[in-house]
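Printed here is entry21.tsv (TSV, C-alpha atoms and all ligand atoms):
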chain	number	residue	atom	x	y	z
A	1	MET	CA	-21.69	-17.75	-12.66
A	2	ALA	CA	-18.91	-15.50	-11.41
A	3	THR	CA	-18.19	-15.72	-7.73
A	4	ALA	CA	-15.50	-14.48	-5.36
A	5	ASN	CA	-13.21	-17.48	-5.73
A	6	PHE	CA	-9.79	-18.34	-7.15
A	7	ASP	CA	-11.26	-19.28	-10.54
A	8	PHE	CA	-12.65	-15.88	-11.37
A	9	LYS	CA	-11.35	-15.13	-14.87
A	10	SER	CA	-10.42	-11.97	-16.71
A	11	GLY	CA	-13.47	-10.47	-18.37
A	12	ASP	CA	-15.95	-12.21	-16.06
A	13	GLN	CA	-18.66	-9.86	-14.91
A	14	LEU	CA	-19.78	-9.91	-11.29
A	15	SER	CA	-23.22	-11.38	-10.68
A	16	SER	CA	-25.73	-9.04	-9.04
A	17	ARG	CA	-25.49	-11.19	-5.88
A	18	SER	CA	-21.69	-10.79	-5.76
A	19	ILE	CA	-22.01	-7.04	-6.33
A	20	LEU	CA	-24.47	-6.85	-3.43
A	21	ILE	CA	-22.12	-8.81	-1.14
A	22	TRP	CA	-19.15	-6.59	-2.05
A	23	ARG	CA	-21.21	-3.42	-1.55
A	24	ILE	CA	-22.24	-4.63	1.92
A	25	ILE	CA	-18.59	-5.36	2.81
A	26	GLN	CA	-17.49	-1.98	1.41
A	27	ILE	CA	-20.15	-0.16	3.45
A	28	ALA	CA	-19.20	-2.09	6.61
A	29	VAL	CA	-15.50	-1.27	6.19
A	30	TRP	CA	-16.35	2.34	5.29
A	31	LEU	CA	-18.35	2.64	8.55
A	32	LEU	CA	-15.42	1.14	10.44
A	33	GLY	CA	-13.12	3.70	8.80
A	34	ALA	CA	-15.54	6.52	9.62
A	35	THR	CA	-15.62	5.34	13.25
A	36	ILE	CA	-11.81	5.36	13.46
A	37	LEU	CA	-11.74	8.84	11.88
A	38	THR	CA	-14.36	10.10	14.36
A	39	CYS	CA	-12.28	8.68	17.23
A	40	LEU	CA	-9.14	10.35	15.85
A	41	LEU	CA	-10.89	13.73	15.73
A	42	PHE	CA	-12.94	13.55	18.93
A	43	TYR	CA	-11.40	10.77	21.07
A	44	PRO	CA	-7.80	11.03	19.89
A	45	THR	CA	-6.26	8.67	22.45
A	46	ILE	CA	-8.48	5.80	21.29
A	47	GLY	CA	-8.21	6.90	17.66
A	48	VAL	CA	-4.41	6.78	17.69
A	49	ILE	CA	-4.47	3.22	19.08
A	50	LEU	CA	-7.07	2.07	16.55
A	51	PHE	CA	-5.36	3.68	13.56
A	52	TRP	CA	-1.61	3.54	14.20
A	53	ASN	CA	-1.43	0.50	16.49
A	54	ILE	CA	-4.08	-1.81	15.02
A	55	LEU	CA	-5.07	-0.89	11.44
A	56	ILE	CA	-1.68	0.19	10.11
A	57	PRO	CA	0.31	-2.77	11.55
A	58	VAL	CA	-2.04	-5.20	9.79
A	59	ALA	CA	-1.73	-3.47	6.40
A	60	PRO	CA	1.75	-4.62	5.20
A	61	ALA	CA	0.97	-8.32	5.82
A	62	LEU	CA	-2.39	-7.91	4.06
A	63	PHE	CA	-0.64	-6.29	1.07
A	64	VAL	CA	1.72	-9.26	0.84
A	65	VAL	CA	-0.92	-11.97	1.09
A	66	ALA	CA	-4.01	-10.46	-0.53
A	67	VAL	CA	-3.71	-6.79	-1.42
A	68	GLY	CA	-6.84	-7.15	-3.58
A	69	VAL	CA	-8.90	-7.36	-0.39
A	70	TRP	CA	-7.67	-3.91	0.59
A	71	ARG	CA	-8.02	-2.53	-2.96
A	72	ASN	CA	-11.67	-3.62	-2.94
A	73	VAL	CA	-12.65	-2.31	0.49
A	74	CYS	CA	-10.33	0.62	1.35
A	75	PRO	CA	-12.67	3.26	2.84
A	76	LEU	CA	-10.71	6.07	1.21
A	77	ALA	CA	-11.10	4.39	-2.19
A	78	THR	CA	-14.82	3.85	-1.60
A	79	THR	CA	-15.14	7.58	-0.84
A	80	ASN	CA	-12.96	8.72	-3.73
A	81	LEU	CA	-14.79	6.56	-6.26
A	82	LEU	CA	-18.21	7.94	-5.29
A	83	PRO	CA	-18.22	10.60	-8.06
A	84	ARG	CA	-17.54	7.84	-10.60
A	85	GLN	CA	-20.11	5.44	-9.09
A	86	LEU	CA	-22.73	8.22	-9.11
A	87	GLY	CA	-22.00	9.21	-12.70
A	88	LEU	CA	-20.58	12.59	-11.68
A	89	SER	CA	-17.04	12.08	-12.98
A	90	LYS	CA	-15.75	13.65	-16.18
A	91	ARG	CA	-13.89	10.32	-16.62
A	92	LYS	CA	-10.75	11.83	-18.15
A	93	LYS	CA	-7.70	9.67	-18.79
A	94	LEU	CA	-4.28	10.59	-17.47
A	95	THR	CA	-1.42	10.54	-19.93
A	96	ALA	CA	1.52	8.21	-19.20
A	97	THR	CA	3.59	11.25	-18.17
A	98	GLN	CA	0.90	12.53	-15.80
A	99	LEU	CA	0.52	9.08	-14.25
A	100	GLY	CA	4.30	8.79	-13.85
A	101	GLN	CA	4.37	12.21	-12.18
A	102	PHE	CA	1.53	11.18	-9.84
A	103	ASN	CA	3.41	7.98	-8.95
A	104	LEU	CA	6.56	9.95	-8.18
A	105	ILE	CA	4.64	12.46	-6.02
A	106	ALA	CA	3.09	9.49	-4.16
A	107	VAL	CA	6.51	8.02	-3.31
A	108	ILE	CA	7.88	11.40	-2.21
A	109	ALA	CA	4.74	12.02	-0.12
A	110	LEU	CA	5.19	8.62	1.56
A	111	TYR	CA	8.79	9.41	2.51
A	112	LEU	CA	7.87	12.90	3.73
A	113	ILE	CA	4.77	11.93	5.73
A	114	VAL	CA	5.95	8.76	7.50
A	115	PRO	CA	8.78	10.40	9.54
A	116	LEU	CA	6.24	13.00	10.64
A	117	ARG	CA	4.61	10.22	12.64
A	118	HIS	CA	7.43	10.61	15.16
A	119	ALA	CA	7.05	14.37	15.23
A	120	VAL	CA	3.27	14.73	15.14
A	121	PHE	CA	0.93	11.96	14.09
A	122	ASN	CA	1.83	9.14	16.52
A	123	HIS	CA	0.66	11.22	19.47
A	124	ASN	CA	-1.77	13.59	17.80
A	125	GLY	CA	-5.03	11.96	16.75
A	126	VAL	CA	-6.56	15.21	15.51
A	127	ALA	CA	-3.61	15.86	13.19
A	128	THR	CA	-3.85	12.26	11.91
A	129	GLY	CA	-7.57	12.68	11.34
A	130	MET	CA	-7.02	15.97	9.49
A	131	MET	CA	-4.43	14.28	7.27
A	132	ILE	CA	-6.97	11.57	6.36
A	133	VAL	CA	-9.64	14.20	5.66
A	134	ALA	CA	-7.18	16.09	3.44
A	135	MET	CA	-6.37	12.92	1.49
A	136	ALA	CA	-10.08	12.17	1.06
A	137	ALA	CA	-10.67	15.74	-0.16
A	138	ILE	CA	-7.89	15.41	-2.77
A	139	GLY	CA	-9.07	11.95	-3.80
A	140	VAL	CA	-12.74	12.94	-4.18
A	141	THR	CA	-11.77	16.05	-6.14
A	142	LEU	CA	-9.69	13.94	-8.51
A	143	GLY	CA	-12.58	11.47	-8.71
A	144	PHE	CA	-14.75	14.20	-10.25
A	145	PHE	CA	-12.29	14.51	-13.13
A	146	TYR	CA	-10.49	11.23	-13.72
A	147	GLU	CA	-11.58	7.72	-14.63
A	148	TRP	CA	-11.93	5.04	-11.92
A	149	LYS	CA	-8.83	4.46	-9.79
A	150	SER	CA	-6.34	6.15	-12.08
A	151	ALA	CA	-5.74	9.44	-10.29
A	152	TRP	CA	-5.81	8.47	-6.62
A	153	CYS	CA	-5.74	4.70	-5.96
A	154	SER	CA	-3.20	4.02	-8.73
A	155	GLY	CA	-1.74	7.51	-8.86
A	156	LEU	CA	-1.32	9.87	-5.94
A	157	CYS	CA	-2.14	7.63	-2.96
A	158	PRO	CA	1.06	7.45	-0.83
A	159	VAL	CA	0.22	3.88	0.20
A	160	HIS	CA	0.06	2.65	-3.40
A	161	PRO	CA	3.86	2.38	-3.95
A	162	VAL	CA	4.00	0.01	-0.95
A	163	GLU	CA	1.12	-2.06	-2.37
A	164	LYS	CA	3.04	-2.39	-5.62
A	165	LEU	CA	6.24	-3.47	-3.86
A	166	TYR	CA	4.67	-5.96	-1.45
A	167	GLY	CA	1.87	-7.30	-3.66
A	168	GLY	CA	4.08	-9.19	-6.12
A	169	ASN	CA	2.87	-12.73	-5.43
A	170	VAL	CA	-0.60	-12.63	-3.90
A	171	LEU	CA	-2.56	-15.64	-2.73
A	172	MET	CA	-5.61	-15.03	-4.89
A	173	SER	CA	-7.19	-12.82	-7.52
A	174	LEU	CA	-10.46	-11.41	-6.23
A	175	PRO	CA	-13.21	-9.98	-8.40
A	176	ASN	CA	-12.85	-6.25	-9.02
A	177	ALA	CA	-15.50	-4.79	-6.71
A	178	ASN	CA	-15.08	-1.22	-7.99
A	179	CYS	CA	-14.75	-0.93	-11.75
A	180	ASP	CA	-17.90	-2.30	-13.44
A	181	GLN	CA	-16.18	-2.30	-16.86
A	182	CYS	CA	-12.51	-1.79	-17.62
A	183	MET	CA	-11.89	1.57	-19.29
A	184	ASN	CA	-8.14	0.90	-19.57
A	185	CYS	CA	-7.61	4.01	-17.45
A	186	VAL	CA	-4.18	2.88	-16.13
A	187	ILE	CA	-1.74	1.05	-18.37
A	188	PRO	CA	-0.59	-1.31	-17.00
A	189	CYS	CA	-3.40	-1.51	-14.43
A	190	PRO	CA	-1.79	-2.41	-11.08
A	191	ASP	CA	-4.95	-4.21	-10.00
A	192	SER	CA	-5.18	-6.39	-13.10
A	193	THR	CA	-1.53	-7.15	-13.88
A	194	PRO	CA	-0.23	-10.55	-12.68
A	195	ASN	CA	2.72	-10.43	-10.26
A	196	MET	CA	2.77	-6.65	-10.15
A	197	ASN	CA	5.99	-4.85	-9.19
A	198	PRO	CA	7.00	-1.17	-9.13
A	199	LYS	CA	9.30	-1.56	-12.13
A	200	ILE	CA	6.72	-3.18	-14.39
A	201	SER	CA	6.05	0.15	-16.05
A	202	ALA	CA	9.08	2.21	-17.01
A	203	LYS	CA	7.33	4.35	-19.58
A	204	THR	CA	8.68	7.66	-18.38
A	205	ILE	CA	11.55	8.91	-16.26
A	206	TYR	CA	9.01	9.54	-13.46
A	207	HIS	CA	7.98	5.87	-13.43
A	208	LYS	CA	11.65	4.84	-13.37
A	209	ILE	CA	12.60	7.14	-10.49
A	210	SER	CA	9.54	6.24	-8.41
A	211	GLY	CA	10.21	2.52	-9.00
A	212	LEU	CA	13.83	2.85	-7.90
A	213	MET	CA	12.94	4.95	-4.86
A	214	ILE	CA	10.41	2.50	-3.50
A	215	ILE	CA	12.24	-0.75	-4.27
A	216	GLY	CA	15.72	0.35	-3.28
A	217	GLY	CA	14.91	2.90	-0.61
A	218	LEU	CA	12.10	1.36	1.43
A	219	PRO	CA	13.98	-1.34	3.42
A	220	GLY	CA	16.62	1.11	4.69
A	221	PHE	CA	14.02	3.81	5.28
A	222	ILE	CA	12.01	1.42	7.48
A	223	TRP	CA	15.14	0.43	9.42
A	224	GLY	CA	16.01	4.09	10.00
A	225	TRP	CA	12.44	4.96	10.98
A	226	PHE	CA	12.40	2.40	13.78
A	227	HIS	CA	15.56	3.90	15.28
A	228	VAL	CA	13.96	7.29	15.87
A	229	PRO	CA	11.93	7.85	19.06
A	230	ASP	CA	8.59	9.64	19.04
A	231	GLU	CA	9.28	13.28	19.82
A	232	ALA	CA	6.62	14.41	22.30
A	233	GLN	CA	7.35	18.01	21.46
A	234	ILE	CA	9.11	19.57	18.52
A	235	VAL	CA	10.94	22.42	20.18
A	236	SER	CA	13.12	23.54	17.32
A	237	PHE	CA	13.69	23.07	13.60
A	238	PRO	CA	16.74	20.80	14.18
A	239	THR	CA	14.61	18.47	16.40
A	240	PHE	CA	12.07	18.41	13.61
A	241	LEU	CA	14.76	17.46	11.08
A	242	ASN	CA	15.99	14.72	13.45
A	243	VAL	CA	12.99	12.58	12.59
A	244	TYR	CA	14.17	12.48	8.96
A	245	GLN	CA	17.88	11.88	9.56
A	246	LEU	CA	18.07	8.09	10.11
A	247	PRO	CA	15.27	7.19	7.67
A	248	VAL	CA	17.05	9.21	4.96
A	249	ILE	CA	20.42	7.58	5.72
A	250	GLY	CA	18.82	4.10	5.65
A	251	PHE	CA	17.01	4.99	2.42
A	252	ALA	CA	20.26	6.09	0.77
A	253	VAL	CA	22.23	3.00	1.86
A	254	THR	CA	19.75	0.41	0.55
A	255	LEU	CA	19.04	2.47	-2.57
A	256	VAL	CA	22.74	2.48	-3.47
A	257	ALA	CA	22.96	-1.26	-2.71
A	258	TYR	CA	19.98	-1.89	-4.98
A	259	LEU	CA	21.40	0.25	-7.79
A	260	ILE	CA	24.72	-1.61	-7.67
A	261	LEU	CA	23.11	-5.06	-7.49
A	262	SER	CA	20.59	-4.38	-10.26
A	263	ASN	CA	23.46	-3.28	-12.50
A	264	VAL	CA	25.67	-6.29	-11.87
A	265	ILE	CA	23.17	-9.15	-11.87
A	266	PRO	CA	21.82	-10.60	-15.13
A	267	ALA	CA	18.47	-9.07	-16.19
A	268	LYS	CA	16.67	-12.39	-15.68
A	269	TYR	CA	17.26	-12.11	-11.90
A	270	GLU	CA	15.87	-8.57	-11.64
A	271	ARG	CA	12.43	-9.77	-10.48
A	272	LYS	CA	14.09	-11.93	-7.81
A	273	LEU	CA	16.10	-8.94	-6.60
A	274	ILE	CA	12.92	-6.85	-6.34
A	275	SER	CA	11.31	-9.67	-4.33
A	276	ILE	CA	14.32	-9.78	-1.97
A	277	PHE	CA	14.06	-6.03	-1.35
A	278	ALA	CA	10.29	-6.32	-0.85
A	279	ALA	CA	10.76	-9.17	1.65
A	280	SER	CA	13.50	-7.20	3.42
A	281	GLY	CA	11.21	-4.17	3.77
A	282	VAL	CA	8.21	-5.98	5.17
A	283	SER	CA	10.33	-8.25	7.40
A	284	CYS	CA	12.18	-5.25	8.81
A	285	TYR	CA	8.84	-3.59	9.55
A	286	TYR	CA	7.55	-6.52	11.63
A	287	TRP	CA	11.00	-7.14	13.15
A	288	TYR	CA	10.63	-3.86	15.01
A	289	ARG	CA	6.89	-3.32	15.01
A	290	LEU	CA	5.78	-6.58	16.68
A	291	PRO	CA	8.06	-6.14	19.74
A	292	ALA	CA	6.95	-2.50	20.07
A	293	LEU	CA	3.27	-3.49	19.95
A	294	LEU	CA	3.77	-6.04	22.74
A	295	GLY	CA	5.89	-3.94	25.10
A	296	PHE	CA	9.35	-5.07	23.99
A	297	GLY	CA	10.10	-1.99	21.88
A	298	LYS	CA	13.34	-0.03	21.77
A	299	PHE	CA	11.72	3.19	23.00
A	300	ALA	CA	9.52	2.54	26.08
A	301	ASP	CA	5.88	3.05	25.12
A	302	ASP	CA	6.36	4.13	21.49
A	303	GLY	CA	3.90	2.16	19.34
A	304	LEU	CA	2.65	0.11	22.32
A	305	LEU	CA	-0.64	-1.78	21.95
A	306	ILE	CA	-0.55	-4.12	24.96
A	307	ASN	CA	2.29	-4.50	27.42
A	308	LEU	CA	3.13	-8.18	27.79
A	309	LYS	CA	6.68	-7.62	29.02
A	310	ASP	CA	5.97	-9.29	32.35
A	311	VAL	CA	3.96	-12.06	30.74
A	312	LEU	CA	5.93	-13.27	27.73
A	313	PRO	CA	9.56	-14.41	27.81
A	314	THR	CA	11.90	-12.40	25.59
A	315	TRP	CA	12.77	-15.49	23.52
A	316	SER	CA	9.12	-15.82	22.42
A	317	ILE	CA	9.26	-12.37	20.81
A	318	PHE	CA	12.50	-13.28	19.12
A	319	ALA	CA	10.90	-16.51	17.84
A	320	LEU	CA	7.94	-14.48	16.56
A	321	ILE	CA	10.05	-12.06	14.53
A	322	ILE	CA	12.21	-14.86	13.15
A	323	ALA	CA	9.00	-16.66	12.10
A	324	THR	CA	7.57	-13.58	10.35
A	325	THR	CA	10.87	-12.98	8.54
A	326	VAL	CA	11.03	-16.60	7.36
A	327	PHE	CA	7.41	-16.37	6.23
A	328	PHE	CA	7.86	-13.18	4.18
A	329	PHE	CA	11.03	-14.42	2.49
A	330	TYR	CA	9.32	-17.71	1.68
A	331	TRP	CA	6.20	-15.95	0.39
A	332	LEU	CA	7.85	-13.29	-1.71
A	333	VAL	CA	11.23	-14.76	-2.71
A	334	PHE	CA	11.14	-18.56	-2.68
A	335	ARG	CA	7.48	-19.28	-3.50
A	336	LYS	CA	6.89	-19.75	-7.22
A	337	LYS	CA	5.33	-16.72	-8.96
A	338	ASN	CA	1.72	-17.74	-9.44
A	339	ASN	CA	0.68	-15.35	-12.20
A	340	ARG	CA	-2.19	-13.87	-10.19
A	341	SER	CA	-3.28	-10.25	-10.21
A	342	TRP	CA	-4.65	-8.44	-7.16
A	343	VAL	CA	-8.14	-8.39	-8.64
A	344	VAL	CA	-9.47	-9.65	-11.92
A	345	ARG	CA	-9.96	-7.22	-14.76
A	346	PRO	CA	-13.63	-6.81	-15.64
A	347	GLN	CA	-14.73	-6.89	-19.27
A	348	PHE	CA	-13.28	-4.03	-21.34
A	349	ALA	CA	-15.81	-1.38	-22.30
A	350	ASN	CA	-14.03	-0.97	-25.61
A	351	LYS	CA	-14.43	-3.91	-28.03
A	352	GLU	CA	-10.94	-3.39	-29.48
A	353	ASP	CA	-9.39	-3.72	-26.01
A	354	ASN	CA	-11.38	-6.92	-25.52
A	355	LEU	CA	-10.09	-8.30	-28.81
A	356	LYS	CA	-6.49	-7.41	-27.94
A	357	ALA	CA	-6.87	-9.12	-24.56
A	358	VAL	CA	-8.26	-12.29	-26.18
A	359	LEU	CA	-5.42	-12.35	-28.76
A	360	SER	CA	-2.74	-11.86	-26.11
A	361	ASN	CA	-4.03	-14.84	-24.05
A	401	LIG	S1	-9.55	-2.39	-14.02
A	401	LIG	FE1	-9.56	-1.07	-15.83
A	401	LIG	S2	-10.97	0.61	-15.27
A	401	LIG	FE2	-10.38	-0.41	-13.37
A	401	LIG	S3	-8.60	0.76	-12.62
A	401	LIG	FE3	-7.78	-0.96	-13.86
A	401	LIG	S4	-7.55	-0.08	-15.90
A	401	LIG	FE4	-8.89	1.31	-14.79

Show me this structure written as structure tokens.
Amino acid sequence: MATANFDFKSGDQLSSRSILIWRIIQIAVWLLGATILTCLLFYPTIGVILFWNILIPVAPALFVVAVGVWRNVCPLATTNLLPRQLGLSKRKKLTATQLGQFNLIAVIALYLIVPLRHAVFNHNGVATGMMIVAMAAIGVTLGFFYEWKSAWCSGLCPVHPVEKLYGGNVLMSLPNANCDQCMNCVIPCPDSTPNMNPKISAKTIYHKISGLMIIGGLPGFIWGWFHVPDEAQIVSFPTFLNVYQLPVIGFAVTLVAYLILSNVIPAKYERKLISIFAASGVSCYYWYRLPALLGFGKFADDGLLINLKDVLPTWSIFALIIATTVFFFYWLVFRKKNNRSWVVRPQFANKEDNLKAVLSN
């Protein structure tokens, strides 16, 4: 019987008991998400803390260790897949070009939206809530037309490029709690491909550019982002542009470094290089984010969760960020690739796809 353990194999179908358990977890997380959204819209001070200072800081580490957990329970995904679950989707397939274009838009959206946190979202819960509502509206609309996760979760979602970069060596493959049968709607499916990385598909120029932008650009972008203070008020267009300046410079520097390195190293080390850039990105994030959460940040109260400045010695924070950096480099760079996918592909609906999968194993 198929259960949610490490031995779940490709093509295994979930038992009705497992489906029930996953549905209960999805509903619980959806209700949690709805509560955070309600807080953002009606109690913005609490909402901002819950969303930006608790939920978001957990996400990168979860993507590294077990992104399949998030893929199975993300409240936005649960909402966006409702048309498909209820049989209301036209279930169209995106072409490779369309999917590549969606992936590129997702990366650009990520780089455009994140600096706006300094200008708007970090101190405006209502604006953050409206952004989430807008994303849900786009995702649900796409869900009425396109098959399973293809258009949003593996296409336009701005978080997805980060999942692909960080989720290259996950701890375990969970059952796929969304797709009941695999319709081969995304090729390669990011959920079902072992040791996923953003360069795994280079079918079109859009895939190639989006892969380069996220692998090469993200570490520097994160570094730049953490060197910009939250602007309480955007008084002019130049102040607005200020929030983009350092992230864009950081993005350009590491992108160029990545382009040079990927051209000079032998092709067999390309995966290792991607892992190093992934580890650099996530380590840089926690290098700055953990001190800020605990009151040791560069800019006073920016990103503060609980002020422990008078409680903890400074060296303990330094030890903490060294430890997280060592952990992420071990996990992503030095740990052997374990050939696990984020979730396990359910049985193909199409018999030919099943046959091909059996022959390729
Ligand atoms: S598992 Fe199959 S149906 Fe589900 S998203 Fe991946 S390709 Fe599409």

Show me which residues sit within 7 Å of ligand LIG 401 (chain A) when counting all atoms listed in the file, and put them as a short mmCIF file (atom, residue, chain, number, x, y, z; two decimals) with C-alpha atoms, keeping the file's coordinate frame.
data_model
loop_
_atom_site.label_atom_id
_atom_site.label_comp_id
_atom_site.auth_asym_id
_atom_site.auth_seq_id
_atom_site.Cartn_x
_atom_site.Cartn_y
_atom_site.Cartn_z
CA GLU A 147 -11.58 7.72 -14.63
CA TRP A 148 -11.93 5.04 -11.92
CA LYS A 149 -8.83 4.46 -9.79
CA SER A 150 -6.34 6.15 -12.08
CA CYS A 179 -14.75 -0.93 -11.75
CA GLN A 181 -16.18 -2.30 -16.86
CA CYS A 182 -12.51 -1.79 -17.62
CA MET A 183 -11.89 1.57 -19.29
CA ASN A 184 -8.14 0.90 -19.57
CA CYS A 185 -7.61 4.01 -17.45
CA VAL A 186 -4.18 2.88 -16.13
CA ILE A 187 -1.74 1.05 -18.37
CA CYS A 189 -3.40 -1.51 -14.43
CA PRO A 190 -1.79 -2.41 -11.08
CA ASP A 191 -4.95 -4.21 -10.00
CA SER A 192 -5.18 -6.39 -13.10
CA ARG A 345 -9.96 -7.22 -14.76
CA PRO A 346 -13.63 -6.81 -15.64
#

For a cutoff of 8 Å around the file-coordinate point (-9.7, 11.5, -2.9), which residues qualify once you count all atoms listed in the file? I'd like the result as an mmCIF file with C-alpha atoms, keeping the file's coordinate frame.
data_model
loop_
_atom_site.group_PDB
_atom_site.id
_atom_site.type_symbol
_atom_site.label_atom_id
_atom_site.label_comp_id
_atom_site.auth_asym_id
_atom_site.auth_seq_id
_atom_site.Cartn_x
_atom_site.Cartn_y
_atom_site.Cartn_z
ATOM 1 C CA LEU A 76 -10.710 6.070 1.210
ATOM 2 C CA ALA A 77 -11.100 4.390 -2.190
ATOM 3 C CA THR A 79 -15.140 7.580 -0.840
ATOM 4 C CA ASN A 80 -12.960 8.720 -3.730
ATOM 5 C CA LEU A 81 -14.790 6.560 -6.260
ATOM 6 C CA MET A 135 -6.370 12.920 1.490
ATOM 7 C CA ALA A 136 -10.080 12.170 1.060
ATOM 8 C CA ALA A 137 -10.670 15.740 -0.160
ATOM 9 C CA ILE A 138 -7.890 15.410 -2.770
ATOM 10 C CA GLY A 139 -9.070 11.950 -3.800
ATOM 11 C CA VAL A 140 -12.740 12.940 -4.180
ATOM 12 C CA THR A 141 -11.770 16.050 -6.140
ATOM 13 C CA LEU A 142 -9.690 13.940 -8.510
ATOM 14 C CA GLY A 143 -12.580 11.470 -8.710
ATOM 15 C CA TRP A 152 -5.810 8.470 -6.620
#

Can you list, as a list in words, every protein, DNA or RNA residue that comes within 10 Å of range 295-302 of chain A when you count all atoms listed in the file, leaving out same-chain residues fewer than 3 positions away?
Asn53, His118, Asn122, His123, Phe226, His227, Val228, Pro229, Asp230, Glu231, Tyr288, Arg289, Leu290, Pro291, Ala292, Leu305, Ile306, Asn307, Leu308, Lys309, Asp310, Leu312, Thr314 and Ile317 of chain A

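For the atom pair formed by CA of Met172 in chain A and CA of Tyr258 in chain A, the distance is 28.8 Å, given to one decimal.
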
Show me as a PyMOL selection string the residues that reach within 10 Å of (0.3, 3.5, 15.2), counting all atoms listed in the file and using the file's own coordinates.
chain A and resi 47-57+117+121-123+289+293+302-305

List the spatial neighbours of Gly167 in chain A as JSON, numbers by chain - criterion: any atom at most 7 Å away, all atoms listed in the file, same-chain residues fewer than 4 positions off excluded.
{"A": [63, 64, 67, 163, 196]}

Store the residues picked out above in a file with C-alpha atoms, as a PDB file, in the frame of the given file.
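Final output, out.pdb:
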ATOM      1  CA  PHE A  63      -0.640  -6.290   1.070  1.00  0.00           C
ATOM      2  CA  VAL A  64       1.720  -9.260   0.840  1.00  0.00           C
ATOM      3  CA  VAL A  67      -3.710  -6.790  -1.420  1.00  0.00           C
ATOM      4  CA  GLU A 163       1.120  -2.060  -2.370  1.00  0.00           C
ATOM      5  CA  MET A 196       2.770  -6.650 -10.150  1.00  0.00           C
TER       6      MET A 196
END

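Going from CA of Trp223 in chain A over to CA of Ser283 in chain A, you cover 10.1 Å.
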
Using all atoms listed in the file, the best pick from A:Ile113, A:Leu261, A:Ile205, A:Val69 as closest to Val344 in chain A would be A:Val69

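When CA of Ile200 in chain A is paired with CA of Gly100 in chain A, their separation reads 12.2 Å.
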
Quick one: residues within 8 Å of range 241-253 of chain A, all atoms listed in the file counted, chain neighbours fewer than 5 positions away excluded, as a tab-separated table (two decimals) with C-alpha atoms, in the coordinates of the input?
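Printed below is out.tsv as written:
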chain	number	residue	atom	x	y	z
A	115	PRO	CA	8.78	10.40	9.54
A	116	LEU	CA	6.24	13.00	10.64
A	118	HIS	CA	7.43	10.61	15.16
A	119	ALA	CA	7.05	14.37	15.23
A	216	GLY	CA	15.72	0.35	-3.28
A	217	GLY	CA	14.91	2.90	-0.61
A	218	LEU	CA	12.10	1.36	1.43
A	219	PRO	CA	13.98	-1.34	3.42
A	220	GLY	CA	16.62	1.11	4.69
A	221	PHE	CA	14.02	3.81	5.28
A	222	ILE	CA	12.01	1.42	7.48
A	223	TRP	CA	15.14	0.43	9.42
A	224	GLY	CA	16.01	4.09	10.00
A	225	TRP	CA	12.44	4.96	10.98
A	227	HIS	CA	15.56	3.90	15.28
A	228	VAL	CA	13.96	7.29	15.87

Who sits within 10 Å of Thr324 in chain A, all atoms listed in the file, same chain under 4 positions skipped, as a short mmCIF file (atom, residue, chain, number, x, y, z; two decimals) with C-alpha atoms, in the coordinates of the input:
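Saved as around.cif:
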data_model
loop_
_atom_site.label_atom_id
_atom_site.label_comp_id
_atom_site.auth_asym_id
_atom_site.auth_seq_id
_atom_site.Cartn_x
_atom_site.Cartn_y
_atom_site.Cartn_z
CA ALA A 61 0.97 -8.32 5.82
CA VAL A 282 8.21 -5.98 5.17
CA SER A 283 10.33 -8.25 7.40
CA CYS A 284 12.18 -5.25 8.81
CA TYR A 286 7.55 -6.52 11.63
CA TRP A 287 11.00 -7.14 13.15
CA LEU A 290 5.78 -6.58 16.68
CA ALA A 319 10.90 -16.51 17.84
CA LEU A 320 7.94 -14.48 16.56
CA PHE A 328 7.86 -13.18 4.18
CA PHE A 329 11.03 -14.42 2.49
CA TYR A 330 9.32 -17.71 1.68
#

With all atoms listed in the file as the basis for distance, which of A:Ala257, A:Ala279, A:Met130, A:Val58 is at the shortest distance from Cys39 in chain A?
A:Met130

Env of Asp180 in chain A: 9 Å cut, atoms = all atoms listed in the file, seq-sep filter 3 positions within chain, self excluded. Answer as a ChimeraX atom specification.
/A:13-14,176-177,346-347
